[in-house]
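**Q** Following this message is one structure expressed as structure tokens.
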Number of protein chains: 2
Amino acid sequence: MSAQPVLIAGRWRASKATGTFRADNPTTKEPLPDEYPISAWQDCDEALNAAVETAEILRRTPPEKIGAFLDTLATRVEARKDEFVAMAHAESALPKAPRLSEVEFPRAVGQFRLGAAAAREGSWALPTIDTKANIRSILAPIGPVCVFGPNNFPFAFNSAAGGDFVAAIAAGNPVIAKANSSHPGTTRLFAEEAFAASQQAGLPAAIVQLIYRTGHSDGERLVSDARVGATGYTGSRNAGLKLKTAADGAGKPIYLELSSVNPVVILPGVLEERLEEVAADFAGSCLMGAGQFCTNPGFVILQKGPRTDAFVKLVADKFRAAPVGTLLSKAVEKALTDAVATLVRAGAEVVAGGKAGGGQGYSFANTLLLASGEHFLRNHAALQTEAFGNSTLFVIADDLDQLCRIVDNVEGSLTGCVYTHRGGADDAAYDQVAFHLRPRVGRLLNDKMPTGVAVSPAMNHGGPYPSTGHPGFTAVGIPASLRRFAALQSFDNVRPARLPPLLQDKNPTGKTWRLIDLEWTQRSL
Amino acid sequence: MSAQPVLIAGRWRASKATGTFRADNPTTKEPLPDEYPISAWQDCDEALNAAVETAEILRRTPPEKIGAFLDTLATRVEARKDEFVAMAHAESALPKAPRLSEVEFPRAVGQFRLGAAAAREGSWALPTIDTKANIRSILAPIGPVCVFGPNNFPFAFNSAAGGDFVAAIAAGNPVIAKANSSHPGTTRLFAEEAFAASQQAGLPAAIVQLIYRTGHSDGERLVSDARVGATGYTGSRNAGLKLKTAADGAGKPIYLELSSVNPVVILPGVLEERLEEVAADFAGSCLMGAGQFCTNPGFVILQKGPRTDAFVKLVADKFRAAPVGTLLSKAVEKALTDAVATLVRAGAEVVAGGKAGGGQGYSFANTLLLASGEHFLRNHAALQTEAFGNSTLFVIADDLDQLCRIVDNVEGSLTGCVYTHRGGADDAAYDQVAFHLRPRVGRLLNDKMPTGVAVSPAMNHGGPYPSTGHPGFTAVGIPASLRRFAALQSFDNVRPARLPPLLQDKNPTGKTWRLIDLEWTQRSL
């Protein structure tokens, strides 16, 4: 059987391949039928040339057409929903319902439509006019964007459909999608629809190109190629930092969304007030999708107190009682096994679970680990090894001071949560904890688990290094996520008719927000 | 004679020095009297500890106090204007008037006041509220900022006073200033006033710290230290890229403003219409301050035509007739000598000047070099060697097609100018040229030389690599330049009283612009 074609330069053609691979069905551990190519550099090279040409065409394309493309894509993808859900389920073992069909699919389709609206409206680009100096500036497309999607969201973060994809396209850039090897089929379906949508919208077909896999060194070469504008990567820290080194060396922006332990601090008053409720919330958030979320609460800090042991015991009971989910792949099972072993070697005690198996296919027992605050402070690097999956580490601080010192040693993380008593019993402690936690996380939550990442204009799905490569950007949320894939361009004394429409005196949409002489307005000049 | 003290942790104290240096008076080539220390790592280490403490205090400081600090600094610096001008003149040889006292000094003082206003008003931080999801986000101070200033603007880009300094402070961060070795005395005067202003405003004195010089490896260690938030660097590409490698490796944002050739395209119609006017504009811009501007027009692209030779000849005459300015330092004279030699070796022909000397002190003859378009296309890398100073390269294209190919080979640059006929004779050509030039430069100008860099909200003093390290940011302009020194922070379901004032329902200033449910508004909720 021959390998699936790649989508390069506007046509589906055989890959210049160095080999092939097949994804596994994680539930059966059997390889799925389709064979996919591992591209040689020549595929990347041709994709880059086509992307450069397409980027030039997109620079002359009215935003309306980009919007139409994304809206068409939404409609087309919706029409094949059952196929998408079946394929993603086969490749990821994520439940068809509610997860894939009721949560992630609508979210992905919604992102297309939000991106379309943002592209048409243009406010994302922060058009700025200084009437006195006659200088005007705007964020403009950065050029071809490479997208490397993660394994854990076959729809919402797919290289050919997810948040990075939508942000790059809505900002006016072509995308070279590198599929995640665990769901090549789902990615192919998206690329098929993107290809068709590009024809329907009258856009160059190379607005989306698809490569399934490359050698590591070709990946590094790709993100650092002179023809690339920027890269969006979501995935493991190890692979992400290698790409970062390559891209940095060539001066190419790369936006990473890497691993993160996502600390959750639960203060003593809460346990007095609503121990059962928080334990249920926590276990639900931590085990959902077998814990395979970027914002999975993998690290809980408690303070020694009258109900702390009861809380630990209740969570352990829930972990033991809960069904064991199927993991995304053999690699995830292995990485989780290794990470738990590392944590145990670093001194964490196994309270529940701790070994592979127990579920259908690739799986690992729901695992709760425990360490003292003192122990954590002595081994904080090793005890922050990310255990991606259905495992969490509880650290018990002796007192509030030690708890704050633990927080001070938390690595940059996407999220940080603090649970406090509703009546105010924890308020003084909250002020201290939040002060220490705030600069270490991208999103601070109160009384809420971090696993929901709303596509909100105020979302920050980002955070300090090493959870990302730059603390100023978010991978989720529109319009902010679009600004990653843009370059600031200033126009100084440029003749009026030569300005981009959004910088001309007349507001071309009548609705775009522009910063005119330091005032945000929708008016024309 | 003992070395000047450094300003660390809120006091002027003797440096833990590994050596000392003195700056030269570039006019006399004699060392100036004051001796300055080369700090050992211990100075950096203590400064970093003090900066971390100060950053924590600033996080609890109302923006009003930061504004008061910058306003006080403006007033205090103004009161010592004569001393500042005398010191900067002695250290840089830049003319006291108009340059230092009438242009650069008022600009630097104006930046303090604009920064103060931006800090108080807060709109720079893009406060964003999603009322439905109850998620709110804002740009928050990133932490201690290291500032490395360039040699060519002792006031406006000074490490302890210039654009990066003001942006970092206005965004709420302490600054560790690393003086430029060519004007340590001017930097010391600024730091004295910053120290006094901090006391007057009731802020920690370590909001500004001053080190004069370090070994190269300590500089790299500084920008990559875990305690640093970010770095702003303006200077040579070579040193800047070394710091970038160090900072990138540690995941620390570094904003670079490096060398740039700043292409100027002069189309044939202009030469028919106003050859003399453009020649005068060009020579003035290119020789001003002995050409020592980041945006100096070092590279002019002309098209073969009936008046091209006349234009070259007129500029050459002007270059020969103009007085030869004094260069900033021996190092600048040497670098310029080397760069011109490199350009000549790469095949450029010397039309005027070409050798060191001819002015008072460190100097180099006003230099005009010439190459054909074909020659440039064969040697474009070497022919873009930056000759920082009063030298420029003219490239003569055979036709418009070749001219566009030349533009396609221009490295990322801060600015790009296109001069066209006022009556429209060049309009068709403009469209082509601008299309090729636009993505290669940060600021596109029409009929205007690039040397003026207005402190405008719409300014982009930035551009694609290698003119900077990231095309999304500007080093000049308020409020945009502040956003470099900030981290995005999101608040998800955080209780109302715990939100930062700018994210609470009530707009605390009544004037801050906030993006509420995708609408920019000054209203309260």
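Each chain in the structure tokens gets a letter, A, B, ..., in the order shown, and its residues are numbered from 1; ligands are numbered from 1 in order too.
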Per residue of chain A within 6 Å of chain B, which atom pair is closest and at what distance in Å (one decimal), using only C-alpha atoms, listed by chain and increasing number, as JSON lines?

**A**
```
{"residue": "A:Thr128", "atom": "CA", "partner": "B:Ala458", "partner_atom": "CA", "distance": 5.5}
{"residue": "A:Ile129", "atom": "CA", "partner": "B:Ala458", "partner_atom": "CA", "distance": 5.9}
{"residue": "A:Asp130", "atom": "CA", "partner": "B:Ala458", "partner_atom": "CA", "distance": 6.0}
{"residue": "A:Ile135", "atom": "CA", "partner": "B:Ala458", "partner_atom": "CA", "distance": 5.6}
{"residue": "A:Arg136", "atom": "CA", "partner": "B:Ala458", "partner_atom": "CA", "distance": 5.0}
{"residue": "A:Ser137", "atom": "CA", "partner": "B:Ala458", "partner_atom": "CA", "distance": 4.9}
{"residue": "A:Gly251", "atom": "CA", "partner": "B:Tyr465", "partner_atom": "CA", "distance": 5.8}
{"residue": "A:Gly442", "atom": "CA", "partner": "B:Gln489", "partner_atom": "CA", "distance": 5.2}
{"residue": "A:Arg443", "atom": "CA", "partner": "B:Ser490", "partner_atom": "CA", "distance": 4.5}
{"residue": "A:Leu444", "atom": "CA", "partner": "B:Phe491", "partner_atom": "CA", "distance": 5.0}
{"residue": "A:Leu445", "atom": "CA", "partner": "B:Asp492", "partner_atom": "CA", "distance": 4.7}
{"residue": "A:Asn446", "atom": "CA", "partner": "B:Val494", "partner_atom": "CA", "distance": 4.8}
{"residue": "A:Ala458", "atom": "CA", "partner": "B:Ser137", "partner_atom": "CA", "distance": 4.9}
{"residue": "A:Asn460", "atom": "CA", "partner": "B:Ser490", "partner_atom": "CA", "distance": 5.3}
{"residue": "A:Tyr465", "atom": "CA", "partner": "B:Gly251", "partner_atom": "CA", "distance": 5.8}
{"residue": "A:Gly469", "atom": "CA", "partner": "B:Gly251", "partner_atom": "CA", "distance": 5.8}
{"residue": "A:Pro471", "atom": "CA", "partner": "B:Ala487", "partner_atom": "CA", "distance": 4.9}
{"residue": "A:Gly472", "atom": "CA", "partner": "B:Ala487", "partner_atom": "CA", "distance": 4.6}
{"residue": "A:Ala487", "atom": "CA", "partner": "B:Gly472", "partner_atom": "CA", "distance": 4.5}
{"residue": "A:Leu488", "atom": "CA", "partner": "B:Gly472", "partner_atom": "CA", "distance": 4.9}
{"residue": "A:Gln489", "atom": "CA", "partner": "B:Gly442", "partner_atom": "CA", "distance": 5.2}
{"residue": "A:Ser490", "atom": "CA", "partner": "B:Arg443", "partner_atom": "CA", "distance": 4.5}
{"residue": "A:Phe491", "atom": "CA", "partner": "B:Leu444", "partner_atom": "CA", "distance": 5.0}
{"residue": "A:Asp492", "atom": "CA", "partner": "B:Leu445", "partner_atom": "CA", "distance": 4.7}
{"residue": "A:Asn493", "atom": "CA", "partner": "B:Asn446", "partner_atom": "CA", "distance": 5.6}
{"residue": "A:Val494", "atom": "CA", "partner": "B:Asn446", "partner_atom": "CA", "distance": 4.9}
```

**Q** Output N, CA and C atoms for every residue in the selection just made, as a tab-separated table (two decimals), in the first residue's frame.

**A**
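Saved to part25.tsv:
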```
chain	number	residue	atom	x	y	z
A	128	THR	N	-2.88	52.42	14.05
A	128	THR	CA	-2.56	53.58	14.88
A	128	THR	C	-2.23	54.77	13.97
A	129	ILE	N	-2.84	55.90	14.25
A	129	ILE	CA	-2.62	57.08	13.42
A	129	ILE	C	-2.21	58.26	14.31
A	130	ASP	N	-1.12	58.89	13.93
A	130	ASP	CA	-0.67	60.11	14.58
A	130	ASP	C	-0.88	61.21	13.54
A	135	ILE	N	2.29	59.97	10.84
A	135	ILE	CA	2.87	58.63	10.89
A	135	ILE	C	1.74	57.67	11.25
A	136	ARG	N	1.71	56.56	10.62
A	136	ARG	CA	0.64	55.59	10.85
A	136	ARG	C	1.26	54.20	10.95
A	137	SER	N	0.74	53.36	11.79
A	137	SER	CA	1.32	52.01	11.92
A	137	SER	C	0.25	50.96	12.03
A	251	GLY	N	16.96	34.29	13.86
A	251	GLY	CA	16.16	35.49	14.08
A	251	GLY	C	14.71	35.32	13.66
A	442	GLY	N	0.76	32.36	33.58
A	442	GLY	CA	0.11	33.20	32.58
A	442	GLY	C	-1.32	33.54	32.95
A	443	ARG	N	-2.02	32.58	33.55
A	443	ARG	CA	-3.43	32.81	33.92
A	443	ARG	C	-3.62	32.42	35.37
A	444	LEU	N	-4.13	33.34	36.14
A	444	LEU	CA	-4.40	33.10	37.56
A	444	LEU	C	-5.89	32.86	37.73
A	445	LEU	N	-6.22	31.74	38.39
A	445	LEU	CA	-7.64	31.43	38.59
A	445	LEU	C	-7.98	31.43	40.07
A	446	ASN	N	-9.21	31.75	40.36
A	446	ASN	CA	-9.74	31.62	41.72
A	446	ASN	C	-10.84	30.58	41.72
A	458	ALA	N	-9.73	37.86	26.43
A	458	ALA	CA	-8.92	38.10	27.63
A	458	ALA	C	-8.15	36.85	28.06
A	460	ASN	N	-5.25	34.24	28.44
A	460	ASN	CA	-3.83	34.04	28.20
A	460	ASN	C	-3.52	32.56	28.31
A	465	TYR	N	8.58	31.57	30.63
A	465	TYR	CA	9.47	30.47	30.29
A	465	TYR	C	9.64	29.57	31.51
A	469	GLY	N	7.96	30.40	25.13
A	469	GLY	CA	9.23	31.04	24.83
A	469	GLY	C	9.22	32.54	25.04
A	471	PRO	N	6.79	35.64	27.35
A	471	PRO	CA	5.62	35.80	28.21
A	471	PRO	C	4.61	36.82	27.71
A	472	GLY	N	4.85	37.41	26.56
A	472	GLY	CA	3.97	38.49	26.10
A	472	GLY	C	2.85	38.03	25.18
A	487	ALA	N	4.06	41.54	11.86
A	487	ALA	CA	5.20	42.44	12.00
A	487	ALA	C	4.65	43.86	12.07
A	488	LEU	N	5.26	44.67	12.91
A	488	LEU	CA	4.84	46.06	13.02
A	488	LEU	C	5.37	46.83	11.82
A	489	GLN	N	4.48	47.56	11.17
A	489	GLN	CA	4.89	48.35	10.00
A	489	GLN	C	4.40	49.78	10.17
A	490	SER	N	5.34	50.70	10.01
A	490	SER	CA	5.02	52.10	10.16
A	490	SER	C	5.09	52.77	8.80
A	491	PHE	N	4.21	53.74	8.59
A	491	PHE	CA	4.16	54.50	7.33
A	491	PHE	C	4.36	55.96	7.68
A	492	ASP	N	5.46	56.54	7.18
A	492	ASP	CA	5.86	57.89	7.58
A	492	ASP	C	5.76	58.79	6.36
A	493	ASN	N	4.80	59.69	6.40
A	493	ASN	CA	4.63	60.64	5.29
A	493	ASN	C	4.26	59.93	3.99
A	494	VAL	N	3.70	58.75	4.09
A	494	VAL	CA	3.31	58.00	2.89
A	494	VAL	C	2.06	58.64	2.30
```

**Q** If we count only C-alpha atoms, what is near B:Pro263 at a cut-off of 8 Å, once residues fewer than 4 positions away on the same chain are taken out, given as a CSV table (one decimal) with N, CA, C and O atoms, in the first residue's frame?

**A**
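Saved result, selection24.csv, follows:
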```csv
chain,number,residue,atom,x,y,z
B,297,PRO,N,20.8,57.0,6.0
B,297,PRO,CA,20.6,56.4,4.7
B,297,PRO,C,21.9,56.0,4.1
B,297,PRO,O,22.6,56.7,3.4
B,298,GLY,N,22.3,54.7,4.4
B,298,GLY,CA,23.6,54.2,4.0
B,298,GLY,C,23.6,53.5,2.7
B,298,GLY,O,24.7,53.0,2.2
B,299,PHE,N,22.5,53.5,2.0
B,299,PHE,CA,22.3,52.7,0.8
B,299,PHE,C,21.3,53.3,-0.1
B,299,PHE,O,20.1,53.3,0.3
B,300,VAL,N,21.7,53.8,-1.2
B,300,VAL,CA,20.7,54.5,-2.1
B,300,VAL,C,20.6,53.7,-3.4
B,300,VAL,O,21.7,53.3,-4.0
B,301,ILE,N,19.4,53.4,-3.9
B,301,ILE,CA,19.2,52.7,-5.1
B,301,ILE,C,18.6,53.7,-6.1
B,301,ILE,O,17.6,54.2,-5.9
B,410,VAL,N,17.8,43.2,-0.1
B,410,VAL,CA,18.1,44.1,1.0
B,410,VAL,C,17.8,43.4,2.3
B,410,VAL,O,16.8,42.8,2.5
B,413,SER,N,15.7,45.9,7.6
B,413,SER,CA,16.3,47.3,7.9
B,413,SER,C,15.2,48.0,8.7
B,413,SER,O,14.0,47.7,8.6
B,415,THR,N,14.5,51.2,8.3
B,415,THR,CA,13.7,52.1,7.4
B,415,THR,C,13.9,51.8,6.0
B,415,THR,O,14.9,51.2,5.6
B,416,GLY,N,13.0,52.3,5.2
B,416,GLY,CA,13.2,52.3,3.7
B,416,GLY,C,12.4,53.5,3.2
B,416,GLY,O,11.3,53.7,3.6
B,417,CYS,N,13.0,54.2,2.3
B,417,CYS,CA,12.4,55.4,1.7
B,417,CYS,C,12.2,55.3,0.2
B,417,CYS,O,13.1,54.7,-0.4
```

**Q** Could you write out, as a PyMOL selection string, all the residues of stretch 77-138 of chain B that DSSP marks as helix (DSSP H, G or I)?

**A** chain B and resi 77-79+81-92+96-121+123-125

**Q** Do you have the atom CA of A:Ala322-atom CA of A:Val340 distance handy?

**A**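 Atom CA of A:Ala322 sits 19.0 Å away from atom CA of A:Val340.
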
**Q** Considering only C-alpha atoms, give me a table of residues in stretch 40-148 of chain B that are at most 8 Å from stretch 186-190 of chain B, with the closest atom pair and distance in Å for each, as a tab-separated table.

**A**
```
residue	atom	partner	partner_atom	distance
B:Val77	CA	B:Phe190	CA	7.2
B:Phe84	CA	B:Thr186	CA	6.3
B:Met87	CA	B:Thr186	CA	5.8
B:Ala88	CA	B:Thr186	CA	5.6
B:Glu91	CA	B:Thr186	CA	7.8
```

**Q** Separation of atom CA of B:Leu499 and atom CA of B:Gly172, in Å?

**A**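 For atom CA of B:Leu499 relative to atom CA of B:Gly172, the distance reads 17.0 Å.
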